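Enquirer: Following this message is one structure expressed as C-alpha cells.
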Amino acid sequence: MGIPRPANPAPPALSRRTLLRAGALGAAGLGIAALAGCASPAAASTDITFWHLMTGGDGERMNTIVNRVNRQLTGARVDQTVLAWGSPYYTKLAMASAGGRAPDLGIMHLSRLAGYAPGGLLDAWDFDRMGRYGVSKDSFTGPTWDRMRFDGDTFAIALDSHAFVRFFNPEIADKAGVLGPDGRLLPTTTIDEFIEQAEALRGATGKLGLSYGWLGDGSTMWRLFWTFYTQLGGAMSMTGRDFRFDKDPFITAVESMQKILSSKAVNRRSDGGFGFSAFTSGQTGEMLGGVWELTGLQGSKIPLDASPIPNLFGTKNQAAWGDSHAFVLPHQSDPDESRREKAYEAISLILKASFPWAGAGHTPAYQPIVEEERFTTLLPNAHYAETAGYLQYDPALPFAGSGSNWQNSFGQAIQGALLGTETAREAMSSFERITSSYAQHAV
Amino acid sequence: MTTSPLTPRTPQTRRPRRSLSGLLYIAPFFVLFGFFLAWPTVYGLYLSFTDRNLAGSAAAQLVGFANYVEAFGDSLMWRTLGNTVLFTVGSTIPLVIVALALALLVNLKLKGQWLWRLSFFMPYLLASTVVSLIWIWLFNPDLGAVNAVLGAVGIQGPAWLQDPQTAMAAVIIATVWWTVGFNFLLYISGMQNIPEQVYEAASVDGASGWRQLFSITLPLLGRTTALVVALQVLASIKVFDQIYQMTSGGPADSTRTILEYVYDAGFSNYRLGYASAISYIFFLVVIILSLVQLRIFSRKAGR
Amino acid sequence: MTSTSVSIPRRRAAVGTSESTRSRPRARPSTVVAYAALGILSLLWLAPFLWAINTSFKSETDASASPVTFFPAHGYTLDTWAQIFRAGSVPLWMANSAFIAIAVTALTLVVSTLAAYAFSRLDFPGKKVFYALTIGSIMVPTQIFVVPLFDELLALNLVDTYWGIILPQTIAPVMIFVLKRFFDDIPQELEDAARVDGATRFRVFISIVLPLSRTILAAVAIFVFIGAWNNFLWPFIVTNDPNLMTLPVGLQTVTPGYSVIFALRMAQAVLAAAPLIIVFIFFQRHIIRGISTTGIAGA
C-alpha cells in the first residue's frame, strides 16, 4: 500500500505524455480555429447571425423559410442558431448583448419587450427604412402593432400571432352529439356548459373528455388563466413599484379552472405529455393548447379541427391569450451599416415568405399573407385566425411575458389550488406576495 | 492508507534546502488559482455589496449591506437553507447506509463481481442531465414506470415531481441511485484493508458471521464511515444540478436549495448583487461546517 | 485481500492466505439469500437505465402509451435513433466534451503534480501559507463564485471560448492533496541517489517520481476526466454558442417547451451516457484500484 512497485503498468492510454499528446491533437483537430478566433465576434461579414428558440415543428418551418430567404438574398446569408425555449434563452440574449457579443438578429416574444427595450439592450427599427422593403404599420393588426412599440419607437417586428385555443376531434364530437351542422362545436357560454360538453365527449370516448396538460408547467397554467381573466375584464399593471390587479376576476378565473379540473372528464394531474398523448390516442375529445401544437397533432393523423376558447362568462370581451414571435435588433455599439441593411432586407423577405409558418399553426402577422386565399382556405388555421383581432398579450410589465421566470412563479402560486389542495384565495395571496417581490426589484 | 504497519516510514536523510525553485513548481497552479478561484471569490464579495443587475445598462452602485440585510429578512432564503439541510440529512443517511449494505453484500466475494460493481457504480458515471432526464421520465405521473409499477400492486402513485409533499423525496431517490456508487467503492476498499487475521482470530474464538459484522467489520470501518459522511455532507449541501433540471426549485419552493436560489436570483432574475450576498452567507455556513468536521476528525485521530 | 463471509462459519483455515482468492462458498441457504439479494438490488439499480434503453427503441406513440407497457404495442423501431443522428448535434457535443475533458485532465495533471511535488519535497518561502490556501480552497463551493467568474471571463473576453470552459476546471486542490500524500510515501533514497549522480531536481521528478506514481496518476486522471466530462453548470453558464456546447449542456437544449418526445429524450440520454460507460467497462479494475490507492478510504 505504501510503496508502489515500478513493475505496475499503468494503462498506456492514460500516461501523462499520451494525454498531453491527445490533448494537443484534439486542439488541432477541433478547436484551433475557435481558440485562435475566440476573441473576435464569430460571424464573417456576409453572415447575418440570427438567434431564435424555435424547435420541433416550429423549427422545421423556420428552417424552410430561412432557406427560401437565403436563396433570394444577395450578398448575405442568414445563419440561424437555435437555443432552448424558456428563461435560459432570454438570459443568454441579455448576457450576449451586455457582453458586446450580440447576434445581428434575434427573436423575442412581444410580451417580453417591456423588460428589454428600456434597458438599452435593443436597437429600434427604423420604419422609414423598412417601408422601402414593403413593410409598414398597416402590415399588422392593431393589438400586434401596439405591442411592437415602446415609448414611441418600434423595437420589434412581429412574425406571427399564436393563441391558446381549443383543438377537438370532430368524429368524437359528432359521436357525442356536440357537433353543430356547420362542423363546429356547439356554442357554450358558461363554465358549466363547457364542462357538460367535455363530459359528453367523455361519454363518447369511454375514457376522458378534455385534455389540459398543465401539471408542472407554469406557462400552460398562465395561458388558460389569462384567457379567463381577460374575458372577465381583468387587467394587471404597475405604477412605480406598485403592482395592481383585479381580485374578483382572479378568483373567478382560478375557481373556473378548478371546476374544470374536478370534473370526471379531465385527468386532474395531467402534464403536457399525458394531455397530448391522451388526445392523439382518442382518449379525449378535445385539447386545450397552443396553436403551435398543430404540427405534432397533425402528425398523429387523428381527425382534427380547432376553434377559439369561447367566452364563458357572459361578458362582452371575446379574449384569448396570445403572443407573437418578433424580430429584434440586439444592441450593437458600432453596427456595420451594410450588415444592418441586409438584416432589414432579410426581415422583409422572411415576412413575405411566411406562409409556411402557418403550417406550424401560427397566424402570420403580415396581413397581406392572411388575406390571401391560400390562407383563408387553410384548415384548421382559418377557424381560429380571428384570435389575432382580440389577442390578449401578457401585461406589459418588465418581468412578465412568455418564458419569464414570473410565469413559472405564477404556476407555483396556483398549482396547489389546481391540484385541489388549496383554495383560490390562498393561491391569490401567494401570487400577490410573489409578484410584489418581482415588482420591488424590477429594473 | 498511508503505510501498512509493516513498513515503517524511513526518515528523510536530506533536508531540502530552502530555495526559490519550489515557487516555480507551484506557480502554474497558483496562477490559475489566482485568476479563476481567488479573484472571483474576492470580486464576488465586492459584488455582494452592489446592486449589479445583469439586464440593466446602469453601472453597479455600492449599496453597503443592503443585500445582506435583505437576505436575512428574506423568508425564502431561510426556507432554502432549511431545504438544503433537509436534502443533506435526507440524502446522506441513505447514501451511507445503502452504500454500506451494498458493499457488505458485494464483499462476500460471490461470483459475478464485475456485474455487481458495474450495476452499483455505473449511475455515478452518468452526467446530471442524463440522470434528470431519466428520472423525470420515470416519475411522470401517468406515463412513468414508477407509478406503473406501483399501480400494478394497487397503489396510486403521486405526481412525484409536481406535488410539494413528494418532490423532495423524489429528488432524493434519484440522487441516491445516482451517487451511491462512489460511497460503495469507498466502503469496498475500506473493507479490503481489514486484515484477514482479525477475522480468523475471531472465528477461532467462535464468533458467528453476524457477530463478526458488528464487532469487527463495522467498528473497523469507522474511519471510512467518517470519511464517507464528511464527503457526502459537503457534497449534498452544494447540490444544484439535478434540482435545477428536475424541478427548478419547485413545486412551491419545496425543493429549492440555497444554490438553486442563488442561480435563480442571479441568472433568472438578473440580480447579481443579491445572488452574491446569498452565496457568501452560504460560504460562511460551509466554512463553519468544515471546521466542525475538522474538529471531529482531529479529535478522533488523537484518540 | 480480505474475504469477509457474513454467514459462513470458518472452521477450515483454507481461506487463510492474505492474497486475493475467491472463496468458494458451498451452496447453503444463506448463500442463496445473498445471491438473491444481490440479484434484486443489482436489477433495481440497472432498471432505470434499462428502462431508458427500452423506451428509446419505441415509437413516440408507444412510449407515451397509457397505461404503461413494457413492450411497445407496435413493435420496436430504430426511427428515434435515426432521428438523433439526422437532426441532432450529438456528435459535435461529444467531440466538444471529449476535447474539453482531455484538455482539462491533461492540464490538471501537469499543474497538480508539479505543485504536489513541491509541497512534498521542496522548501520555499511562504510554503505553509500556500499549502494552507490550497487545502482551504477545498472547502469553497465552486458555485458561489460562478457569477463573478463569469463577469471576469467576460472582461477577459473568454466567454464562449474553449479556454473559458477549460481553465477554471483545472483547479483541483483535492488532487494536489492526494498527490502530495502519495509522494510523501515514496522514499527519498531513490531521488537522493540520482541527485548524487548529478541529476537535477526536475529530472528526478520526471524520470523517477512520476513513473513510480503511475497508479495514482491514472486514478487522478480518471476522476478528473469523469468530472470534466459530466460538468454541467460551468459550461452551461459560460457558453452561448451552440458550437461549443458539451454533451450535458447540449442535451439540456433538446427539451422543448412543447412536443411529446419521450423516446427521443431517452435515446439522447443513453447516447450521452454510453461513452463513459464503455470506458468504465474497459478500465473497471483500474478505477477501482485507483480508489484504493488514493489512500482516501483507509485514512
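Identifiers for the C-alpha cells are assigned positionally: chains receive A, B, ... in sequence, residues are indexed from 1 per chain, and ligands are indexed from 1 in the order shown.
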I'd like the contact shell of Ala117 in chain A - 10 Å cut-off, only C-alpha atoms, skipping same-chain residues fewer than 5 positions apart - returned as a PyMOL selection string.

Expert: chain A and resi 112+122-124+149-151+153-156+328+330-331+398

Enquirer: Kindly provide the residues of chain B that approach chain C to within 6 Å, each paired with its closest atom pair and their distance in Å to one decimal, based on only C-alpha atoms, listed by chain and increasing number, as CSV.

Expert:
```
residue,atom,partner,partner_atom,distance
B:Met1,CA,C:Gly298,CA,4.3
B:Pro16,CA,C:Leu122,CA,5.8
B:Arg18,CA,C:Asp123,CA,4.8
B:Ser19,CA,C:Phe124,CA,5.3
B:Leu20,CA,C:Phe124,CA,5.5
B:Gly22,CA,C:Ala118,CA,5.4
B:Tyr25,CA,C:Leu114,CA,5.2
B:Ile26,CA,C:Ala115,CA,4.3
B:Pro28,CA,C:Val111,CA,5.8
B:Phe29,CA,C:Val111,CA,5.3
B:Phe36,CA,C:Pro168,CA,5.4
B:Pro40,CA,C:Leu149,CA,5.0
B:Thr41,CA,C:Phe145,CA,5.6
B:Gly44,CA,C:Pro148,CA,5.1
B:Leu108,CA,C:Ser5,CA,5.4
B:Ser119,CA,C:Ser42,CA,5.5
B:Leu126,CA,C:Ala273,CA,5.6
B:Ala127,CA,C:Asn230,CA,4.5
B:Thr129,CA,C:Pro248,CA,5.6
B:Val130,CA,C:Ala269,CA,4.9
B:Leu143,CA,C:Val68,CA,5.9
B:Leu186,CA,C:Ala297,CA,5.5
B:Ser189,CA,C:Ser292,CA,5.4
B:Gly190,CA,C:Ala297,CA,5.2
B:Gln192,CA,C:Thr2,CA,5.3
B:Glu196,CA,C:Thr2,CA,5.1
B:Gly209,CA,C:Val6,CA,4.3
B:Trp210,CA,C:Val6,CA,6.0
B:Thr224,CA,C:Ala297,CA,5.4
B:Ser279,CA,C:Ile144,CA,5.0
```

Enquirer: Just N, CA and C atoms for this one: save the residues we selected as a PDB file, in the first residue's frame.

Expert:
```pdb
ATOM      1  N   MET B   1      -4.924   5.102   3.183  1.00  0.00           N
ATOM      2  CA  MET B   1      -3.968   4.266   3.934  1.00  0.00           C
ATOM      3  C   MET B   1      -2.576   4.704   3.556  1.00  0.00           C
ATOM      4  N   PRO B  16      15.594  19.346   2.628  1.00  0.00           N
ATOM      5  CA  PRO B  16      15.659  20.169   1.405  1.00  0.00           C
ATOM      6  C   PRO B  16      16.174  21.561   1.744  1.00  0.00           C
ATOM      7  N   ARG B  18      16.332  25.424   1.545  1.00  0.00           N
ATOM      8  CA  ARG B  18      15.307  26.410   1.271  1.00  0.00           C
ATOM      9  C   ARG B  18      15.713  27.212   0.043  1.00  0.00           C
ATOM     10  N   SER B  19      14.967  27.077  -1.022  1.00  0.00           N
ATOM     11  CA  SER B  19      15.335  27.804  -2.240  1.00  0.00           C
ATOM     12  C   SER B  19      14.067  28.327  -2.875  1.00  0.00           C
ATOM     13  N   LEU B  20      14.245  28.996  -3.976  1.00  0.00           N
ATOM     14  CA  LEU B  20      13.091  29.579  -4.643  1.00  0.00           C
ATOM     15  C   LEU B  20      12.523  28.685  -5.738  1.00  0.00           C
ATOM     16  N   GLY B  22      11.051  25.972  -5.610  1.00  0.00           N
ATOM     17  CA  GLY B  22       9.723  25.469  -5.302  1.00  0.00           C
ATOM     18  C   GLY B  22       8.629  26.377  -5.812  1.00  0.00           C
ATOM     19  N   TYR B  25       7.596  25.589  -9.189  1.00  0.00           N
ATOM     20  CA  TYR B  25       6.750  24.402  -9.301  1.00  0.00           C
ATOM     21  C   TYR B  25       5.295  24.724  -9.007  1.00  0.00           C
ATOM     22  N   ILE B  26       5.090  25.556  -8.005  1.00  0.00           N
ATOM     23  CA  ILE B  26       3.688  25.810  -7.650  1.00  0.00           C
ATOM     24  C   ILE B  26       3.098  26.947  -8.476  1.00  0.00           C
ATOM     25  N   PRO B  28       2.411  27.438 -11.773  1.00  0.00           N
ATOM     26  CA  PRO B  28       1.289  27.213 -12.694  1.00  0.00           C
ATOM     27  C   PRO B  28      -0.036  27.093 -11.963  1.00  0.00           C
ATOM     28  N   PHE B  29      -0.006  26.277 -10.890  1.00  0.00           N
ATOM     29  CA  PHE B  29      -1.245  26.093 -10.152  1.00  0.00           C
ATOM     30  C   PHE B  29      -1.732  27.412  -9.583  1.00  0.00           C
ATOM     31  N   PHE B  36      -8.697  32.194 -11.383  1.00  0.00           N
ATOM     32  CA  PHE B  36     -10.005  31.564 -11.508  1.00  0.00           C
ATOM     33  C   PHE B  36     -10.614  31.085 -10.220  1.00  0.00           C
ATOM     34  N   PRO B  40     -12.191  35.637  -8.381  1.00  0.00           N
ATOM     35  CA  PRO B  40     -13.652  35.638  -8.383  1.00  0.00           C
ATOM     36  C   PRO B  40     -14.236  35.626  -6.982  1.00  0.00           C
ATOM     37  N   THR B  41     -13.568  34.919  -6.060  1.00  0.00           N
ATOM     38  CA  THR B  41     -14.092  34.886  -4.700  1.00  0.00           C
ATOM     39  C   THR B  41     -14.082  36.287  -4.100  1.00  0.00           C
ATOM     40  N   GLY B  44     -16.525  38.469  -6.010  1.00  0.00           N
ATOM     41  CA  GLY B  44     -17.887  38.132  -5.643  1.00  0.00           C
ATOM     42  C   GLY B  44     -18.281  38.819  -4.349  1.00  0.00           C
ATOM     43  N   LEU B 108     -18.820 -10.186  -0.040  1.00  0.00           N
ATOM     44  CA  LEU B 108     -18.898 -11.615   0.237  1.00  0.00           C
ATOM     45  C   LEU B 108     -18.145 -12.416  -0.813  1.00  0.00           C
ATOM     46  N   SER B 119     -23.229  -2.543 -11.807  1.00  0.00           N
ATOM     47  CA  SER B 119     -24.583  -2.100 -11.519  1.00  0.00           C
ATOM     48  C   SER B 119     -24.594  -0.935 -10.562  1.00  0.00           C
ATOM     49  N   LEU B 126     -22.866   8.758 -14.961  1.00  0.00           N
ATOM     50  CA  LEU B 126     -23.792   9.495 -15.813  1.00  0.00           C
ATOM     51  C   LEU B 126     -23.748  10.981 -15.500  1.00  0.00           C
ATOM     52  N   ALA B 127     -23.904  11.793 -16.532  1.00  0.00           N
ATOM     53  CA  ALA B 127     -23.988  13.234 -16.313  1.00  0.00           C
ATOM     54  C   ALA B 127     -25.317  13.564 -15.648  1.00  0.00           C
ATOM     55  N   THR B 129     -27.495  15.701 -16.352  1.00  0.00           N
ATOM     56  CA  THR B 129     -28.605  15.881 -17.283  1.00  0.00           C
ATOM     57  C   THR B 129     -29.212  14.536 -17.662  1.00  0.00           C
ATOM     58  N   VAL B 130     -28.359  13.526 -17.806  1.00  0.00           N
ATOM     59  CA  VAL B 130     -28.865  12.199 -18.141  1.00  0.00           C
ATOM     60  C   VAL B 130     -29.719  11.663 -17.012  1.00  0.00           C
ATOM     61  N   LEU B 143     -47.521   8.385 -17.137  1.00  0.00           N
ATOM     62  CA  LEU B 143     -46.837   7.669 -18.209  1.00  0.00           C
ATOM     63  C   LEU B 143     -45.533   7.043 -17.737  1.00  0.00           C
ATOM     64  N   LEU B 186     -15.824   3.313  -1.900  1.00  0.00           N
ATOM     65  CA  LEU B 186     -15.022   3.670  -0.736  1.00  0.00           C
ATOM     66  C   LEU B 186     -15.122   2.588   0.338  1.00  0.00           C
ATOM     67  N   SER B 189     -13.176  -0.610  -0.661  1.00  0.00           N
ATOM     68  CA  SER B 189     -11.735  -0.537  -0.436  1.00  0.00           C
ATOM     69  C   SER B 189     -11.434  -0.475   1.047  1.00  0.00           C
ATOM     70  N   GLY B 190     -12.320   0.126   1.816  1.00  0.00           N
ATOM     71  CA  GLY B 190     -12.113   0.124   3.264  1.00  0.00           C
ATOM     72  C   GLY B 190     -12.150  -1.281   3.817  1.00  0.00           C
ATOM     73  N   GLN B 192     -11.445  -3.951   2.227  1.00  0.00           N
ATOM     74  CA  GLN B 192     -10.286  -4.718   1.763  1.00  0.00           C
ATOM     75  C   GLN B 192      -9.059  -4.429   2.607  1.00  0.00           C
ATOM     76  N   GLU B 196      -7.027  -9.993   7.144  1.00  0.00           N
ATOM     77  CA  GLU B 196      -7.654 -11.299   7.231  1.00  0.00           C
ATOM     78  C   GLU B 196      -7.548 -11.899   8.626  1.00  0.00           C
ATOM     79  N   GLY B 209     -20.938 -15.224  12.051  1.00  0.00           N
ATOM     80  CA  GLY B 209     -20.828 -14.223  10.980  1.00  0.00           C
ATOM     81  C   GLY B 209     -21.391 -12.882  11.394  1.00  0.00           C
ATOM     82  N   TRP B 210     -22.590 -12.880  11.932  1.00  0.00           N
ATOM     83  CA  TRP B 210     -23.209 -11.613  12.299  1.00  0.00           C
ATOM     84  C   TRP B 210     -22.410 -10.922  13.391  1.00  0.00           C
ATOM     85  N   THR B 224     -13.556   4.922   7.687  1.00  0.00           N
ATOM     86  CA  THR B 224     -14.137   5.029   6.349  1.00  0.00           C
ATOM     87  C   THR B 224     -15.493   5.710   6.425  1.00  0.00           C
ATOM     88  N   SER B 279     -24.756  33.857  -1.771  1.00  0.00           N
ATOM     89  CA  SER B 279     -23.670  32.881  -1.893  1.00  0.00           C
ATOM     90  C   SER B 279     -22.699  32.988  -0.731  1.00  0.00           C
TER      91      SER B 279
END
```

Enquirer: One decimal, in Å: what's the spacing between CA of Leu53 in chain A and CA of Tyr89 in chain A?

Expert: 7.1 Å

Enquirer: If you count only C-alpha atoms, which residues fall within 8 Å of range 228-236 of chain B, apart from same-chain ones fewer than 5 positions away, as an NGL selection string?

Expert: :B and (84 or 87-89 or 91-92 or 95-96 or 183 or 186 or 286 or 290 or 293)

Enquirer: Got a sec: who's within 12 Å of Thr61 in chain C, counting only C-alpha atoms, leaving out chain neighbours fewer than 4 positions off, as a PyMOL selection string?

Expert: (chain A and resi 273-274+276-282+296-297+299-301) or (chain B and resi 143) or (chain C and resi 55-57+65-69+72-77+80+260-264)

Enquirer: What would the file look like if the residues just selected were written as a tab-separated table (two decimals), in the first residue's frame with N, CA and C atoms?

Expert:
```
chain	number	residue	atom	x	y	z
A	273	GLY	N	-47.25	15.99	-21.57
A	273	GLY	CA	-47.12	14.73	-22.30
A	273	GLY	C	-48.38	13.90	-22.26
A	274	PHE	N	-48.97	13.81	-21.06
A	274	PHE	CA	-50.16	12.99	-20.95
A	274	PHE	C	-51.32	13.61	-21.72
A	276	PHE	N	-51.32	15.53	-24.27
A	276	PHE	CA	-51.12	15.38	-25.70
A	276	PHE	C	-51.40	13.95	-26.14
A	277	SER	N	-50.81	12.99	-25.44
A	277	SER	CA	-50.97	11.62	-25.91
A	277	SER	C	-52.39	11.12	-25.70
A	278	ALA	N	-53.07	11.63	-24.66
A	278	ALA	CA	-54.46	11.23	-24.47
A	278	ALA	C	-55.32	11.70	-25.63
A	279	PHE	N	-55.08	12.91	-26.11
A	279	PHE	CA	-55.87	13.43	-27.21
A	279	PHE	C	-55.54	12.70	-28.51
A	280	THR	N	-54.26	12.48	-28.75
A	280	THR	CA	-53.90	11.85	-30.02
A	280	THR	C	-54.19	10.37	-30.05
A	281	SER	N	-54.47	9.78	-28.90
A	281	SER	CA	-54.82	8.37	-28.93
A	281	SER	C	-56.32	8.18	-28.79
A	282	GLY	N	-57.06	9.28	-28.82
A	282	GLY	CA	-58.52	9.17	-28.80
A	282	GLY	C	-59.10	8.98	-27.42
A	296	GLY	N	-47.46	18.67	-34.37
A	296	GLY	CA	-47.45	17.39	-33.67
A	296	GLY	C	-48.80	16.68	-33.76
A	297	LEU	N	-49.86	17.46	-33.64
A	297	LEU	CA	-51.20	16.87	-33.70
A	297	LEU	C	-51.48	16.30	-35.08
A	299	GLY	N	-49.38	15.22	-37.10
A	299	GLY	CA	-48.55	14.03	-37.27
A	299	GLY	C	-49.21	12.77	-36.75
A	300	SER	N	-50.13	12.93	-35.82
A	300	SER	CA	-50.75	11.74	-35.26
A	300	SER	C	-51.92	11.26	-36.10
A	301	LYS	N	-52.27	12.03	-37.13
A	301	LYS	CA	-53.28	11.62	-38.11
A	301	LYS	C	-54.69	11.44	-37.58
B	143	LEU	N	-47.52	8.39	-17.14
B	143	LEU	CA	-46.84	7.67	-18.21
B	143	LEU	C	-45.53	7.04	-17.74
C	55	THR	N	-37.19	2.34	-23.74
C	55	THR	CA	-38.05	3.40	-24.28
C	55	THR	C	-37.49	3.96	-25.58
C	56	SER	N	-36.17	4.02	-25.67
C	56	SER	CA	-35.58	4.67	-26.83
C	56	SER	C	-35.83	3.89	-28.12
C	57	PHE	N	-36.17	2.63	-27.99
C	57	PHE	CA	-36.43	1.85	-29.19
C	57	PHE	C	-37.91	1.74	-29.52
C	65	ALA	N	-47.65	5.72	-24.27
C	65	ALA	CA	-48.92	4.99	-24.15
C	65	ALA	C	-49.36	4.95	-22.69
C	66	SER	N	-50.66	5.04	-22.54
C	66	SER	CA	-51.21	4.92	-21.19
C	66	SER	C	-52.31	3.89	-21.25
C	67	PRO	N	-52.34	2.82	-20.48
C	67	PRO	CA	-51.38	2.55	-19.41
C	67	PRO	C	-50.01	2.11	-19.93
C	68	VAL	N	-49.02	2.20	-19.06
C	68	VAL	CA	-47.65	1.93	-19.44
C	68	VAL	C	-47.46	0.44	-19.68
C	69	THR	N	-46.80	0.13	-20.76
C	69	THR	CA	-46.48	-1.28	-21.02
C	69	THR	C	-44.99	-1.42	-21.24
C	72	PRO	N	-43.53	-2.40	-26.64
C	72	PRO	CA	-44.30	-1.44	-27.43
C	72	PRO	C	-45.39	-2.15	-28.22
C	73	ALA	N	-46.54	-1.52	-28.29
C	73	ALA	CA	-47.68	-2.15	-28.97
C	73	ALA	C	-47.41	-2.34	-30.45
C	74	HIS	N	-46.62	-1.44	-31.02
C	74	HIS	CA	-46.37	-1.53	-32.47
C	74	HIS	C	-44.98	-2.05	-32.79
C	75	GLY	N	-44.36	-2.70	-31.83
C	75	GLY	CA	-43.05	-3.25	-32.12
C	75	GLY	C	-41.94	-2.23	-31.96
C	76	TYR	N	-40.73	-2.74	-31.85
C	76	TYR	CA	-39.58	-1.86	-31.67
C	76	TYR	C	-39.21	-1.18	-32.99
C	77	THR	N	-38.55	-0.04	-32.86
C	77	THR	CA	-38.19	0.69	-34.08
C	77	THR	C	-36.87	1.42	-33.89
C	80	THR	N	-36.35	6.55	-33.82
C	80	THR	CA	-35.90	7.59	-32.90
C	80	THR	C	-34.40	7.78	-32.99
C	260	VAL	N	-44.16	16.11	-27.76
C	260	VAL	CA	-44.01	14.89	-26.99
C	260	VAL	C	-42.85	14.10	-27.58
C	261	ILE	N	-41.75	14.06	-26.89
C	261	ILE	CA	-40.58	13.39	-27.45
C	261	ILE	C	-39.92	12.50	-26.42
C	262	PHE	N	-40.70	11.69	-25.71
C	262	PHE	CA	-40.14	10.88	-24.65
C	262	PHE	C	-39.09	9.90	-25.17
C	263	ALA	N	-39.39	9.22	-26.23
C	263	ALA	CA	-38.44	8.25	-26.76
C	263	ALA	C	-37.16	8.96	-27.20
C	264	LEU	N	-37.32	10.12	-27.80
C	264	LEU	CA	-36.16	10.87	-28.26
C	264	LEU	C	-35.29	11.27	-27.08
```

Enquirer: Sorted by chain and rising residue number, which residues of chain A lie within 6 Å of chain B, and what are their closest atom pairs and distances in Å to one decimal, counting only C-alpha atoms, as a tab-separated table?

Expert:
```
residue	atom	partner	partner_atom	distance
A:Gly2	CA	B:Thr3	CA	4.6
A:Ala94	CA	B:Ala55	CA	6.0
A:Gly119	CA	B:Gly56	CA	5.3
A:Gly216	CA	B:Gln162	CA	5.6
A:Gln412	CA	B:Ala252	CA	5.0
```

Enquirer: Tell me which protein, DNA and RNA residues are within 8 Å of Ala417 in chain A, counting only C-alpha atoms, leaving out same-chain ones fewer than 6 positions away, and put them as a ChimeraX atom specification.

Expert: /A:254,258,423-424,426-427

Enquirer: Show me, as a list of chain:residue names, the residues that have an atom within 10 Å of Leu418 in chain A when counting only C-alpha atoms, minus same-chain residues fewer than 5 positions from it.

Expert: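 Near Leu418 in chain A, the qualifying residues are A:Trp214, A:Leu215, A:Met221, A:Val254, A:Glu255, A:Ser256, A:Met257, A:Gln258, A:Lys259, A:Ile260, A:Leu261, A:Ser262, A:Arg268, A:Arg269, A:Gly411, A:Ala413, A:Thr423, A:Ala424, A:Ala427.
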
Enquirer: Please dump the current selection as a compact mmCIF listing (two decimals), in the first residue's frame; keep C-alpha atoms.

Expert:
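What follows is the written file part-v8.txt:
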```txt
# COMPACT_ATOMS: atom_id res chain seq x y z
CA TRP A 214 -50.96 21.82 -17.17
CA LEU A 215 -49.12 19.89 -14.44
CA MET A 221 -51.47 27.36 -16.40
CA VAL A 254 -58.92 30.22 -10.78
CA GLU A 255 -62.13 28.73 -9.47
CA SER A 256 -63.29 28.09 -13.00
CA MET A 257 -60.09 26.24 -13.69
CA GLN A 258 -60.59 24.26 -10.51
CA LYS A 259 -64.09 23.34 -11.59
CA ILE A 260 -62.90 22.09 -14.92
CA LEU A 261 -60.13 20.05 -13.33
CA SER A 262 -62.50 18.47 -10.82
CA ARG A 268 -56.59 16.29 -12.80
CA ARG A 269 -52.88 15.72 -12.75
CA GLY A 411 -47.50 28.39 -11.73
CA ALA A 413 -48.59 30.13 -6.80
CA THR A 423 -58.26 27.50 -2.25
CA ALA A 424 -58.31 30.13 -4.93
CA ALA A 427 -53.45 30.99 -4.48
```

Enquirer: Would you mind listing what lies within 8 Å of Ala353 in chain A as a compact mmCIF listing (two decimals) with C-alpha atoms, in the first residue's frame, with only C-alpha atoms counted and same-chain residues fewer than 2 positions away left out?

Expert:
```
# COMPACT_ATOMS: atom_id res chain seq x y z
CA ILE A 65 -38.40 29.87 -44.54
CA ARG A 68 -36.00 30.15 -49.03
CA VAL A 69 -34.90 33.61 -47.97
CA LEU A 349 -38.23 38.71 -47.22
CA ILE A 350 -38.98 36.49 -44.24
CA LEU A 351 -42.28 38.25 -43.67
CA PHE A 355 -46.91 31.44 -45.35
CA PRO A 356 -45.24 28.12 -44.38
```

Enquirer: If DSSP is run on the backbone, what residues of range 205-262 of chain A are strand (DSSP E)? A reply as JSON, numbers by chain would be ideal.

Expert: {"A": [210, 211, 236, 237, 238, 239, 242, 243, 244, 245]}

Enquirer: Suppose we keep C-alpha atoms; can you now write the selection as an mmCIF file, in the first residue's frame?

Expert:
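Output file result_17.cif follows:
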```cif
data_model
loop_
_atom_site.group_PDB
_atom_site.id
_atom_site.type_symbol
_atom_site.label_atom_id
_atom_site.label_comp_id
_atom_site.auth_asym_id
_atom_site.auth_seq_id
_atom_site.Cartn_x
_atom_site.Cartn_y
_atom_site.Cartn_z
ATOM 1 C CA LEU A 210 -60.852 17.008 -22.215
ATOM 2 C CA SER A 211 -57.073 17.240 -22.253
ATOM 3 C CA MET A 236 -52.683 43.906 -14.486
ATOM 4 C CA SER A 237 -50.473 46.951 -14.286
ATOM 5 C CA MET A 238 -47.694 48.584 -12.373
ATOM 6 C CA THR A 239 -47.365 52.163 -11.186
ATOM 7 C CA ASP A 242 -46.828 49.166 -7.095
ATOM 8 C CA PHE A 243 -48.371 46.126 -8.723
ATOM 9 C CA ARG A 244 -52.140 46.246 -9.317
ATOM 10 C CA PHE A 245 -54.556 43.579 -10.426
#
```

Enquirer: Between C:Ala193, C:Ile40, C:Met175, C:Ile166, which one has atoms that come closest to chain A, using only C-alpha atoms?

Expert: C:Ile166

Enquirer: State, in Å with one decimal place, the distance from CA of Val63 in chain B to CA of Thr50 in chain B.

Expert: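 Between these atoms lies a distance of 5.1 Å.
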
Enquirer: Would you mind writing down, as a ChimeraX atom specification, each residue of range 47-288 of chain C that DSSP on the backbone assigns to alpha helix (DSSP H)?

Expert: /C:47-56,60-63,79-87,90-121,127-137,146-155,162-166,173-185,189-196,201-204,210-212,214-230,233-238,247-252,262-288

Enquirer: Between CA of Thr225 in chain B and CA of Ala207 in chain B, what is the spacing in Å?

Expert: 23.5 Å

Enquirer: Which residue out of C:Thr239, C:Thr161, C:Thr246, C:Thr200 has the minimum interatomic distance to chain A when only C-alpha atoms are used?

Expert: C:Thr161

Enquirer: Let me make sure I understand: among C:Ala221, C:Ala82, C:Leu179, C:Met94, which one has the smallest atom-to-atom distance to chain A if we use only C-alpha atoms?

Expert: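 Comparing C:Ala221, C:Ala82, C:Leu179, C:Met94 against chain A, the winner is C:Ala221.
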
Enquirer: Which is closer to chain C than all the others in A:Ser161, A:Ser402, A:Ser333, A:Thr377, using only C-alpha atoms?

Expert: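 Nearest to chain C: A:Ser402.
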